[in-house]
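One file, query-v4.pdb, carrying PDB, C-alpha atoms and all ligand atoms:
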MODEL        1
ATOM      1  CA  MET N   1    -184.577  -6.330 -27.305  1.00  0.00           C
ATOM      2  CA  THR N   2    -181.214  -7.143 -28.877  1.00  0.00           C
ATOM      3  CA  THR N   3    -178.464  -4.710 -29.882  1.00  0.00           C
ATOM      4  CA  THR N   4    -175.412  -5.750 -31.854  1.00  0.00           C
ATOM      5  CA  SER N   5    -172.337  -4.065 -33.299  1.00  0.00           C
ATOM      6  CA  SER N   6    -170.367  -5.096 -36.368  1.00  0.00           C
ATOM      7  CA  ALA N   7    -167.506  -2.568 -36.383  1.00  0.00           C
ATOM      8  CA  GLU N   8    -164.228  -3.618 -37.989  1.00  0.00           C
ATOM      9  CA  ARG N   9    -161.811  -5.856 -36.150  1.00  0.00           C
ATOM     10  CA  ILE N  10    -158.406  -4.186 -36.378  1.00  0.00           C
ATOM     11  CA  GLY N  11    -156.324  -7.091 -35.094  1.00  0.00           C
ATOM     12  CA  SER N  12    -153.213  -7.231 -32.971  1.00  0.00           C
ATOM     13  CA  GLY N  13    -149.926  -5.349 -33.130  1.00  0.00           C
ATOM     14  CA  ALA N  14    -149.089  -1.662 -32.899  1.00  0.00           C
ATOM     15  CA  GLY N  15    -151.777   0.754 -34.077  1.00  0.00           C
ATOM     16  CA  TYR N  16    -149.289   2.845 -36.032  1.00  0.00           C
ATOM     17  CA  GLU N  17    -148.356  -0.224 -38.099  1.00  0.00           C
ATOM     18  CA  HIS N  18    -152.001  -0.746 -39.081  1.00  0.00           C
ATOM     19  CA  ALA N  19    -152.321   2.904 -40.134  1.00  0.00           C
ATOM     20  CA  ALA N  20    -149.056   2.788 -42.092  1.00  0.00           C
ATOM     21  CA  ALA N  21    -150.116  -0.411 -43.880  1.00  0.00           C
ATOM     22  CA  ARG N  22    -153.324   1.351 -44.994  1.00  0.00           C
ATOM     23  CA  GLY N  23    -151.544   4.607 -45.923  1.00  0.00           C
ATOM     24  CA  THR N  24    -153.422   6.600 -43.277  1.00  0.00           C
ATOM     25  CA  HIS N  25    -152.334   8.725 -40.339  1.00  0.00           C
ATOM     26  CA  TYR N  26    -151.930   7.278 -36.886  1.00  0.00           C
ATOM     27  CA  ILE N  27    -153.744   9.634 -34.518  1.00  0.00           C
ATOM     28  CA  GLU N  28    -154.048   8.418 -30.966  1.00  0.00           C
ATOM     29  CA  GLU N  29    -156.163   9.260 -27.951  1.00  0.00           C
ATOM     30  CA  ALA N  30    -156.720   7.724 -24.541  1.00  0.00           C
ATOM     31  CA  VAL N  31    -159.767   7.879 -22.313  1.00  0.00           C
ATOM     32  CA  ARG N  32    -160.425   7.330 -18.649  1.00  0.00           C
ATOM     33  CA  VAL N  33    -163.066   4.859 -17.568  1.00  0.00           C
ATOM     34  CA  TYR N  34    -164.048   5.498 -13.971  1.00  0.00           C
ATOM     35  CA  LEU N  35    -164.407   2.478 -11.749  1.00  0.00           C
ATOM     36  CA  MET N  36    -165.770   2.240  -8.255  1.00  0.00           C
ATOM     37  CA  ARG N  37    -165.951  -0.325  -5.484  1.00  0.00           C
ATOM     38  CA  ASP N  38    -169.040  -2.472  -5.857  1.00  0.00           C
ATOM     39  CA  PRO N  39    -171.826  -0.535  -4.096  1.00  0.00           C
ATOM     40  CA  ASN N  40    -173.122  -3.891  -2.771  1.00  0.00           C
ATOM     41  CA  GLY N  41    -170.041  -3.975  -0.561  1.00  0.00           C
ATOM     42  CA  THR N  42    -167.995  -6.691  -2.238  1.00  0.00           C
ATOM     43  CA  ASP N  43    -164.329  -5.941  -2.802  1.00  0.00           C
ATOM     44  CA  THR N  44    -164.617  -5.865  -6.593  1.00  0.00           C
ATOM     45  CA  TRP N  45    -164.561  -3.115  -9.204  1.00  0.00           C
ATOM     46  CA  VAL N  46    -167.599  -2.076 -11.174  1.00  0.00           C
ATOM     47  CA  VAL N  47    -167.940   0.675 -13.769  1.00  0.00           C
ATOM     48  CA  ASP N  48    -168.936   3.971 -12.174  1.00  0.00           C
ATOM     49  CA  PRO N  49    -172.211   5.241 -13.704  1.00  0.00           C
ATOM     50  CA  ALA N  50    -170.334   8.499 -14.419  1.00  0.00           C
ATOM     51  CA  SER N  51    -168.641   6.607 -17.286  1.00  0.00           C
ATOM     52  CA  PHE N  52    -171.891   6.557 -19.281  1.00  0.00           C
ATOM     53  CA  ASP N  53    -174.012   9.087 -21.162  1.00  0.00           C
ATOM     54  CA  GLU N  54    -171.210  11.663 -21.581  1.00  0.00           C
ATOM     55  CA  PRO N  55    -167.962  11.438 -23.563  1.00  0.00           C
ATOM     56  CA  LEU N  56    -165.205   9.876 -21.487  1.00  0.00           C
ATOM     57  CA  CYS N  57    -162.442  12.208 -20.300  1.00  0.00           C
ATOM     58  CA  SER N  58    -159.322  12.334 -22.445  1.00  0.00           C
ATOM     59  CA  ASP N  59    -156.128  11.197 -20.811  1.00  0.00           C
ATOM     60  CA  TYR N  60    -154.103  13.299 -23.288  1.00  0.00           C
ATOM     61  CA  ASN N  61    -156.282  16.447 -23.497  1.00  0.00           C
ATOM     62  CA  GLN N  62    -155.903  16.353 -27.289  1.00  0.00           C
ATOM     63  CA  PRO N  63    -155.214  13.762 -29.999  1.00  0.00           C
ATOM     64  CA  LEU N  64    -151.512  13.012 -30.578  1.00  0.00           C
ATOM     65  CA  ASN N  65    -149.563  11.900 -33.666  1.00  0.00           C
ATOM     66  CA  PRO N  66    -145.855  11.462 -32.768  1.00  0.00           C
ATOM     67  CA  GLU N  67    -145.965   7.754 -33.681  1.00  0.00           C
ATOM     68  CA  CYS N  68    -147.357   8.326 -37.184  1.00  0.00           C
ATOM     69  CA  ARG N  69    -145.108   7.069 -39.959  1.00  0.00           C
ATOM     70  CA  CYS N  70    -146.583   9.190 -42.768  1.00  0.00           C
ATOM     71  CA  GLY N  71    -143.762  11.712 -43.257  1.00  0.00           C
ATOM     72  CA  ASP N  72    -146.269  14.483 -44.091  1.00  0.00           C
ATOM     73  CA  SER N  73    -146.490  16.439 -40.854  1.00  0.00           C
ATOM     74  CA  ALA N  74    -148.665  19.215 -42.310  1.00  0.00           C
ATOM     75  CA  ASP N  75    -151.406  16.831 -43.457  1.00  0.00           C
ATOM     76  CA  CYS N  76    -150.938  14.737 -40.327  1.00  0.00           C
ATOM     77  CA  ASN N  77    -151.557  17.766 -38.113  1.00  0.00           C
ATOM     78  CA  ARG N  78    -154.646  18.740 -40.145  1.00  0.00           C
ATOM     79  CA  VAL N  79    -156.076  15.290 -39.530  1.00  0.00           C
ATOM     80  CA  ARG N  80    -155.057  15.465 -35.871  1.00  0.00           C
ATOM     81  CA  TRP N  81    -156.997  18.713 -35.420  1.00  0.00           C
ATOM     82  CA  ARG N  82    -160.012  17.270 -37.244  1.00  0.00           C
ATOM     83  CA  MET N  83    -159.946  14.374 -34.794  1.00  0.00           C
ATOM     84  CA  ALA N  84    -159.918  16.881 -31.929  1.00  0.00           C
ATOM     85  CA  GLU N  85    -163.446  17.811 -33.073  1.00  0.00           C
ATOM     86  CA  VAL N  86    -164.715  14.224 -32.929  1.00  0.00           C
ATOM     87  CA  ASP N  87    -166.459  13.393 -29.664  1.00  0.00           C
ATOM     88  CA  LEU N  88    -164.802  10.741 -27.559  1.00  0.00           C
ATOM     89  CA  PRO N  89    -166.982   7.712 -26.834  1.00  0.00           C
ATOM     90  CA  ASP N  90    -168.940   7.264 -23.662  1.00  0.00           C
ATOM     91  CA  GLY N  91    -168.588   4.003 -21.761  1.00  0.00           C
ATOM     92  CA  GLU N  92    -171.223   2.155 -23.780  1.00  0.00           C
ATOM     93  CA  GLU N  93    -169.727   3.261 -27.102  1.00  0.00           C
ATOM     94  CA  LEU N  94    -166.286   2.256 -25.813  1.00  0.00           C
ATOM     95  CA  MET N  95    -167.668  -1.192 -24.996  1.00  0.00           C
ATOM     96  CA  PHE N  96    -168.637  -1.629 -28.668  1.00  0.00           C
ATOM     97  CA  LEU N  97    -165.205  -0.407 -29.829  1.00  0.00           C
ATOM     98  CA  LEU N  98    -163.422  -2.828 -27.493  1.00  0.00           C
ATOM     99  CA  ALA N  99    -165.650  -5.708 -28.554  1.00  0.00           C
ATOM    100  CA  ALA N 100    -165.159  -5.011 -32.275  1.00  0.00           C
ATOM    101  CA  ALA N 101    -161.379  -4.704 -31.868  1.00  0.00           C
ATOM    102  CA  ARG N 102    -161.266  -8.220 -30.438  1.00  0.00           C
ATOM    103  CA  GLY N 103    -163.821  -9.775 -32.783  1.00  0.00           C
ATOM    104  CA  TYR N 104    -166.722  -9.980 -30.356  1.00  0.00           C
ATOM    105  CA  THR N 105    -170.340  -9.145 -31.018  1.00  0.00           C
ATOM    106  CA  VAL N 106    -172.220  -7.435 -28.203  1.00  0.00           C
ATOM    107  CA  ILE N 107    -175.770  -8.524 -27.541  1.00  0.00           C
ATOM    108  CA  LYS N 108    -177.991  -6.686 -25.076  1.00  0.00           C
ATOM    109  CA  THR N 109    -180.760  -8.670 -23.473  1.00  0.00           C
ATOM    110  CA  GLU N 110    -183.492  -7.343 -21.244  1.00  0.00           C
ATOM    111  CA  SER N 111    -183.732  -9.282 -18.009  1.00  0.00           C
TER     112      SER N 111
HETATM  113 ZN    ZN C   1    -149.483  11.125 -40.187  1.00  0.00          ZN
ENDMDL
END
Target encoding structure tokens, full file:
Amino acid sequence: MTTTSSAERIGSGAGYEHAAARGTHYIEEAVRVYLMRDPNGTDTWVVDPASFDEPLCSDYNQPLNPECRCGDSADCNRVRWRMAEVDLPDGEELMFLLAAARGYTVIKTES
């Protein structure tokens, strides 16, 4: 079985510049991905299984917008609160977001 993602590549630079160039609000969040020492005993990091199947924990506790360049704080805050209702990704969904942001395509193979 093969799974792919084709989400938009945003590119490099500051996120608020991309939002401003498109005339949209820059609303930011941050998530925590839990890592753990390799359970096979090697001194390497692996992703803790707790990072999958549930939304990742916010590092901010709520979406933020202080970097937005829109100049319309009322509308910006409305959008910010709408984004507070959008589930954060779990680890697998985050993998697709990271891949798309850098122009990669993710392919899952059964082995
Ligand atoms: Zn804004």
Reference answer for the PyMOL selection byres (((chain N and resi 34) around 9) and not hetatm), as a JSON list (two decimals) with C-alpha atoms, in the coordinates of the input:
[["chain", "number", "residue", "atom", "x", "y", "z"],
["N", 32, "ARG", "CA", -160.43, 7.33, -18.65],
["N", 33, "VAL", "CA", -163.07, 4.86, -17.57],
["N", 35, "LEU", "CA", -164.41, 2.48, -11.75],
["N", 36, "MET", "CA", -165.77, 2.24, -8.26],
["N", 46, "VAL", "CA", -167.60, -2.08, -11.17],
["N", 47, "VAL", "CA", -167.94, 0.68, -13.77],
["N", 48, "ASP", "CA", -168.94, 3.97, -12.17],
["N", 49, "PRO", "CA", -172.21, 5.24, -13.70],
["N", 50, "ALA", "CA", -170.33, 8.50, -14.42],
["N", 51, "SER", "CA", -168.64, 6.61, -17.29],
["N", 56, "LEU", "CA", -165.20, 9.88, -21.49]]
Result set, the PyMOL selection byres (((not hetatm)) within 9 of (chain C and resi 1)) on current file, as number ranges by chain: N: 19-20, 23-27, 65-77, 79-80
Residues selected by the PyMOL selection byres (((chain N and resi 94) around 10) and not hetatm), written as a list of chain:residue names: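 Selected by the PyMOL selection byres (((chain N and resi 94) around 10) and not hetatm) here: N:Val31, N:Val33, N:Ser51, N:Phe52, N:Pro55, N:Leu56, N:Leu88, N:Pro89, N:Asp90, N:Gly91, N:Glu92, N:Glu93, N:Met95, N:Phe96, N:Leu97, N:Leu98, N:Ala99, N:Ala100.
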Pick from N:Trp45, N:Tyr104, N:Tyr60, N:Tyr16 nearest to Ala84 (chain N), counting all atoms listed in the file: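 Answer, going by the shortest atom-to-atom distance: N:Tyr60.
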For CA of Ala101 (chain N) and CA of His18 (chain N), the interatomic separation in Å (one decimal): 12.5 Å
Computed interatomic separation between CA of Gly13 (chain N) and CA of Gln62 (chain N) (Å): 23.3 Å
CA of Glu28 (chain N) to CA of Ala14 (chain N), straight-line distance in Å: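 Calculated distance between CA of Ala14 (chain N) and CA of Glu28 (chain N) is 11.4 Å.
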Produce the centre coordinates and the three edge lengths, each in Å to one decimal, of the box along x, y and z that contains all listed atoms of region 57-71 of chain N with 3 Å added on each side, as lines of an AutoDock Vina configuration file.
center_x = -153.1
center_y = 11.8
center_z = -31.8
size_x = 24.7
size_y = 15.4
size_z = 29.0
